[in-house]
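To be precise, the following lines are query-v3.cif, and they hold mmCIF, C-alpha atoms.
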```cif
data_entry
#
loop_
_atom_site.label_atom_id
_atom_site.label_comp_id
_atom_site.auth_asym_id
_atom_site.auth_seq_id
_atom_site.Cartn_x
_atom_site.Cartn_y
_atom_site.Cartn_z
CA PRO A 1 -17.52 -35.00 -15.04
CA CYS A 2 -17.83 -32.69 -18.01
CA PHE A 3 -20.36 -34.86 -19.80
CA ASN A 4 -23.96 -35.50 -19.00
CA LYS A 5 -24.37 -39.25 -18.33
CA SER A 6 -27.64 -39.47 -20.24
CA SER A 7 -26.10 -38.11 -23.44
CA THR A 8 -22.81 -37.04 -24.94
CA LYS A 9 -23.65 -33.33 -24.70
CA LYS A 10 -21.10 -31.19 -22.88
CA VAL A 11 -22.21 -29.59 -19.64
CA LEU A 12 -21.75 -25.83 -19.85
CA THR A 13 -21.01 -23.71 -16.82
CA MET A 14 -21.11 -19.96 -16.25
CA LYS A 15 -24.00 -18.41 -18.10
CA VAL A 16 -23.95 -14.63 -17.80
CA SER A 17 -25.55 -11.73 -19.66
CA CYS A 18 -24.59 -8.08 -19.39
CA LEU A 19 -24.69 -4.88 -21.43
CA GLN A 20 -21.89 -4.19 -23.91
CA GLU A 21 -21.35 -0.66 -22.54
CA ASN A 22 -20.89 -1.92 -18.97
CA LEU A 23 -18.49 -4.71 -19.97
CA ALA A 24 -16.45 -2.36 -22.19
CA LYS A 25 -16.17 0.19 -19.36
CA GLY A 26 -15.17 -2.49 -16.83
CA LEU A 27 -12.53 -3.92 -19.17
CA GLY A 28 -11.14 -0.41 -19.66
CA ILE A 29 -10.78 -0.02 -15.90
CA VAL A 30 -9.11 -3.35 -15.14
CA GLY A 31 -7.05 -3.22 -18.34
CA ARG A 32 -4.65 -0.83 -16.60
CA ALA A 33 -3.44 -3.72 -14.43
CA VAL A 34 -2.93 -6.26 -17.23
CA ALA A 35 0.71 -7.24 -17.70
CA SER A 36 1.97 -6.35 -21.18
CA ARG A 37 5.01 -8.62 -20.97
CA SER A 38 5.14 -11.42 -18.45
CA THR A 39 6.66 -14.84 -18.04
CA LEU A 40 3.23 -15.98 -16.76
CA PRO A 41 0.70 -16.01 -19.64
CA VAL A 42 -2.24 -15.78 -17.20
CA LEU A 43 -1.16 -12.23 -16.23
CA SER A 44 -2.07 -11.10 -19.77
CA ASN A 45 -5.61 -12.27 -19.04
CA VAL A 46 -8.57 -10.78 -17.25
CA LEU A 47 -10.46 -12.92 -14.73
CA LEU A 48 -14.24 -13.09 -15.21
CA THR A 49 -16.06 -14.41 -12.14
CA THR A 50 -19.71 -14.47 -11.18
CA ASP A 51 -20.35 -12.77 -7.84
CA GLY A 52 -23.99 -12.89 -6.84
CA ASP A 53 -25.89 -10.81 -9.39
CA LYS A 54 -22.71 -9.16 -10.67
CA LEU A 55 -19.81 -10.04 -12.93
CA LYS A 56 -16.44 -9.42 -11.31
CA LEU A 57 -13.54 -8.44 -13.58
CA SER A 58 -10.01 -8.71 -12.18
CA ALA A 59 -6.53 -8.00 -13.48
CA ASN A 60 -3.20 -8.33 -11.72
CA ASN A 61 0.40 -7.70 -12.78
CA PHE A 62 1.93 -8.29 -9.30
CA GLU A 63 2.46 -4.53 -8.89
CA LEU A 64 -1.14 -3.46 -9.33
CA GLY A 65 -4.36 -5.40 -8.91
CA ILE A 66 -7.78 -4.06 -9.88
CA ASN A 67 -11.24 -5.52 -9.25
CA CYS A 68 -14.34 -4.10 -10.94
CA TRP A 69 -17.94 -5.29 -10.63
CA ILE A 70 -20.59 -4.76 -13.29
CA GLY A 71 -24.28 -5.54 -13.22
CA ALA A 72 -25.17 -8.83 -14.89
CA LYS A 73 -27.82 -11.50 -15.12
CA VAL A 74 -26.16 -14.63 -13.75
CA GLU A 75 -27.89 -17.88 -14.69
CA GLU A 76 -25.02 -20.19 -13.70
CA GLU A 77 -21.96 -19.47 -11.57
CA GLY A 78 -18.46 -19.86 -12.95
CA ALA A 79 -15.08 -18.29 -13.66
CA ILE A 80 -12.52 -18.11 -16.49
CA THR A 81 -9.52 -16.02 -17.51
CA VAL A 82 -9.31 -14.82 -21.10
CA PRO A 83 -6.75 -12.70 -22.98
CA ALA A 84 -7.54 -9.13 -21.92
CA ARG A 85 -6.60 -7.34 -25.12
CA LEU A 86 -8.43 -9.81 -27.37
CA LEU A 87 -11.57 -9.64 -25.21
CA ALA A 88 -11.52 -5.83 -24.97
CA ASP A 89 -10.99 -5.41 -28.72
CA PHE A 90 -13.90 -7.76 -29.47
CA ILE A 91 -16.24 -6.18 -26.90
CA ASN A 92 -15.44 -2.66 -28.15
CA SER A 93 -16.33 -3.70 -31.72
CA LEU A 94 -19.82 -4.87 -30.71
CA PRO A 95 -23.03 -2.82 -30.86
CA PRO A 96 -24.45 -1.45 -27.57
CA GLU A 97 -26.67 -4.45 -26.86
CA ARG A 98 -26.83 -7.41 -24.48
CA ILE A 99 -23.90 -9.85 -24.50
CA ASP A 100 -24.52 -13.48 -23.59
CA MET A 101 -21.50 -15.39 -22.30
CA ASN A 102 -21.33 -19.17 -21.88
CA LEU A 103 -18.30 -21.05 -20.62
CA ASP A 104 -17.52 -24.57 -21.78
CA GLU A 105 -15.51 -25.71 -18.78
CA ALA A 106 -14.25 -28.86 -20.50
CA THR A 107 -12.41 -26.86 -23.18
CA GLN A 108 -11.99 -23.61 -21.19
CA THR A 109 -13.67 -21.75 -24.07
CA LEU A 110 -15.82 -18.66 -23.55
CA ASN A 111 -18.60 -18.22 -26.11
CA LEU A 112 -19.79 -14.62 -26.56
CA ARG A 113 -22.93 -13.61 -28.47
CA CYS A 114 -24.19 -10.11 -29.15
CA ALA A 115 -26.75 -9.24 -31.82
CA ARG A 116 -25.56 -11.08 -34.95
CA PHE A 117 -21.97 -11.47 -33.73
CA GLU A 118 -20.49 -14.55 -32.06
CA SER A 119 -16.99 -15.48 -30.93
CA ASN A 120 -15.24 -18.25 -29.03
CA ILE A 121 -12.23 -17.24 -26.95
CA LYS A 122 -9.93 -19.87 -25.48
CA GLY A 123 -9.04 -19.13 -21.87
CA ILE A 124 -6.99 -20.39 -18.95
CA ASP A 125 -8.51 -21.97 -15.84
CA ALA A 126 -9.45 -19.34 -13.23
CA GLN A 127 -7.53 -21.25 -10.56
CA GLU A 128 -4.28 -20.27 -12.31
CA PHE A 129 -4.98 -16.56 -11.74
CA PRO A 130 -3.27 -14.89 -8.76
CA ALA A 131 -5.69 -13.45 -6.23
CA VAL A 132 -6.21 -9.68 -6.14
CA ALA A 133 -6.28 -8.51 -2.53
CA SER A 134 -9.44 -6.77 -1.41
CA ALA A 135 -9.59 -4.28 1.44
CA THR A 136 -11.98 -4.84 4.31
CA ASP A 137 -13.30 -2.22 6.72
CA ASP A 138 -10.71 -3.43 9.25
CA ASP A 139 -7.90 -2.70 6.76
CA ILE A 140 -8.95 0.86 5.99
CA ALA A 141 -6.99 3.45 7.95
CA ILE A 142 -9.04 6.45 6.83
CA LYS A 143 -11.92 7.14 4.46
CA LEU A 144 -11.77 9.93 1.87
CA GLU A 145 -14.16 11.29 -0.70
CA PRO A 146 -12.91 10.31 -4.18
CA GLU A 147 -12.76 13.97 -5.29
CA SER A 148 -10.56 14.88 -2.30
CA LEU A 149 -8.17 12.07 -3.18
CA ARG A 150 -8.07 13.18 -6.84
CA THR A 151 -7.25 16.74 -5.76
CA MET A 152 -4.47 15.55 -3.46
CA ILE A 153 -2.92 13.42 -6.20
CA LYS A 154 -3.04 16.31 -8.71
CA GLN A 155 -1.26 18.58 -6.20
CA VAL A 156 1.73 16.24 -5.77
CA ALA A 157 1.96 13.90 -8.77
CA PHE A 158 3.56 16.54 -11.01
CA ALA A 159 6.63 16.51 -8.72
CA ALA A 160 7.24 12.76 -9.12
CA ALA A 161 10.21 11.93 -11.34
CA THR A 162 9.63 10.34 -14.75
CA ASP A 163 13.18 9.00 -15.05
CA GLU A 164 13.12 5.38 -13.88
CA SER A 165 16.85 5.25 -13.11
CA ARG A 166 15.91 6.05 -9.47
CA PRO A 167 12.50 4.37 -9.03
CA VAL A 168 12.04 5.66 -5.47
CA PHE A 169 11.58 9.19 -6.87
CA THR A 170 8.84 8.12 -9.32
CA GLY A 171 6.31 7.65 -6.55
CA VAL A 172 4.36 9.69 -4.03
CA LEU A 173 4.90 9.17 -0.30
CA LEU A 174 1.68 8.49 1.62
CA GLN A 175 1.78 9.12 5.38
CA PHE A 176 -1.23 7.96 7.37
CA SER A 177 -2.02 9.24 10.85
CA GLU A 178 -5.06 8.61 13.02
CA ASP A 179 -7.54 10.59 10.92
CA SER A 180 -5.56 12.14 8.10
CA LEU A 181 -3.49 11.38 5.03
CA LYS A 182 -0.45 13.38 3.94
CA MET A 183 0.98 13.11 0.43
CA VAL A 184 4.50 14.22 -0.40
#
```

Any chance you could give the structure as structure tokens?
Amino acid sequence: PCFNKSSTKKVLTMKVSCLQENLAKGLGIVGRAVASRSTLPVLSNVLLTTDGDKLKLSANNFELGINCWIGAKVEEEGAITVPARLLADFINSLPPERIDMNLDEATQTLNLRCARFESNIKGIDAQEFPAVASATDDDIAIKLEPESLRTMIKQVAFAAATDESRPVFTGVLLQFSEDSLKMV
């Protein structure tokens, strides 16, 4: 039922507004997990989902999954995946003003409007996108301050190999104990 019975107008779903700066920053964060080359086209996309009064951005390349929430005005709930690079390039070219996004679910097309600019981006149904796992409080072994974690990573990451012929040496070993984390 994508058409209103009283007329031939298409029923639109997902109406969201957010600030250009917030969306650009969020796309920059999740963009790190977008697959550059994949046999699944949806992995080159970013998932846009309404989540209460926020817009959730997700990317997943089966090695890394990132979720990011940005403040938004959600008028109607919905979800779509759109090509990440195309969306980020368009958003970064816009002025720092409000962006209005409307999804036409029948055609899987996301309409974006900002100031005097408008674009339609064809997407893929959100149900095609692989779920990005989210941690719950029960899953968390220990809690760290972000700055402490950054410091730990800086102290060991330089020793990780850059040659991918032995992938096991390109990582950092994390050892969790009851109330501590050791990085080697």

Applied to the shown file, which residues does the PyMOL selection byres ((chain A and resi 79) around 6) return, written as a list in words?
Leu48, Thr49, Gly78, Ile80 and Ala126 of chain A

Expressed in Å to a single decimal, how great is the separation between atom CA of A:Arg37 and atom CA of A:Val82?
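A separation of 15.6 Å between them.
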
Take the point (-12.9, -22.4, -21.3) as written in the file and pick out every residue within 8 Å of it, counting all atoms listed in the file; give the list as a list in words.
Ile80, Leu103, Asp104, Glu105, Ala106, Thr107, Gln108, Thr109, Leu110, Ile121, Lys122, Gly123, Ile124 and Asp125 of chain A

Grab the residues selected above and save them as a CSV table (one decimal), keeping the file's coordinate frame with C-alpha atoms.
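Heads up, here's the output in selection.csv:
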```
chain,number,residue,atom,x,y,z
A,80,ILE,CA,-12.5,-18.1,-16.5
A,103,LEU,CA,-18.3,-21.0,-20.6
A,104,ASP,CA,-17.5,-24.6,-21.8
A,105,GLU,CA,-15.5,-25.7,-18.8
A,106,ALA,CA,-14.2,-28.9,-20.5
A,107,THR,CA,-12.4,-26.9,-23.2
A,108,GLN,CA,-12.0,-23.6,-21.2
A,109,THR,CA,-13.7,-21.8,-24.1
A,110,LEU,CA,-15.8,-18.7,-23.6
A,121,ILE,CA,-12.2,-17.2,-27.0
A,122,LYS,CA,-9.9,-19.9,-25.5
A,123,GLY,CA,-9.0,-19.1,-21.9
A,124,ILE,CA,-7.0,-20.4,-19.0
A,125,ASP,CA,-8.5,-22.0,-15.8
```

Rounded to one decimal, what separation in Å do you get between atom CA of A:Ala133 and atom CA of A:Cys18?
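Atom CA of A:Cys18 lies 24.9 Å from atom CA of A:Ala133.
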
Applying 12 Å and all atoms listed in the file, which residues near stretch 33-36 of chain A remain after dropping the ones on its own chain fewer than 5 positions away? List them as a ChimeraX atom specification.
/A:27-28,41-47,57-68,81-85,88,129,132

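Each of A:Ser119, A:Thr13, A:Gln175, A:Asn92 was compared to A:Val74 using only C-alpha atoms, and A:Thr13 turns out to be the nearest.
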
Measuring between all atoms listed in the file, which one of A:Lys56, A:Lys25, A:Lys15, A:Lys182 shows the shortest distance to A:Glu77?
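Once distances to A:Glu77 are computed over all atoms listed in the file, the minimum belongs to A:Lys15.
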
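Minimum atom-to-atom distance to A:Arg113, evaluated using all atoms listed in the file, belongs to A:Leu94 out of A:Ser165, A:Val184, A:Leu94, A:Gln127.
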
To one decimal place in Å, what is the distance between atom CA of A:Leu86 and atom CA of A:Ile99?
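Between these atoms lies a distance of 15.7 Å.
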
Test item: the PyMOL selection byres ((chain A and resi 54) around 7) resolved as a ChimeraX atom specification:
/A:50-53,55-56,69-72

Selection under test: the PyMOL selection byres ((chain A and resi 95) around 12); residues as a list of chain:residue names
A:Leu19, A:Gln20, A:Glu21, A:Leu23, A:Ala24, A:Phe90, A:Ile91, A:Asn92, A:Ser93, A:Leu94, A:Pro96, A:Glu97, A:Arg98, A:Ile99, A:Arg113, A:Cys114, A:Ala115, A:Arg116, A:Phe117

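Between A:Lys154 and the candidates A:Val168, A:Ala131, A:Met183, A:Leu40, the tightest atom-to-atom separation, counting all atoms listed in the file, involves A:Met183.
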
Pick out the residues sitting within 10 Å of A:Lys143, and hand them over as an MDAnalysis selection string; count all atoms listed in the file, and ignore anything fewer than 4 positions along from it in its own chain.
chainID A and resid 137 149 179:181
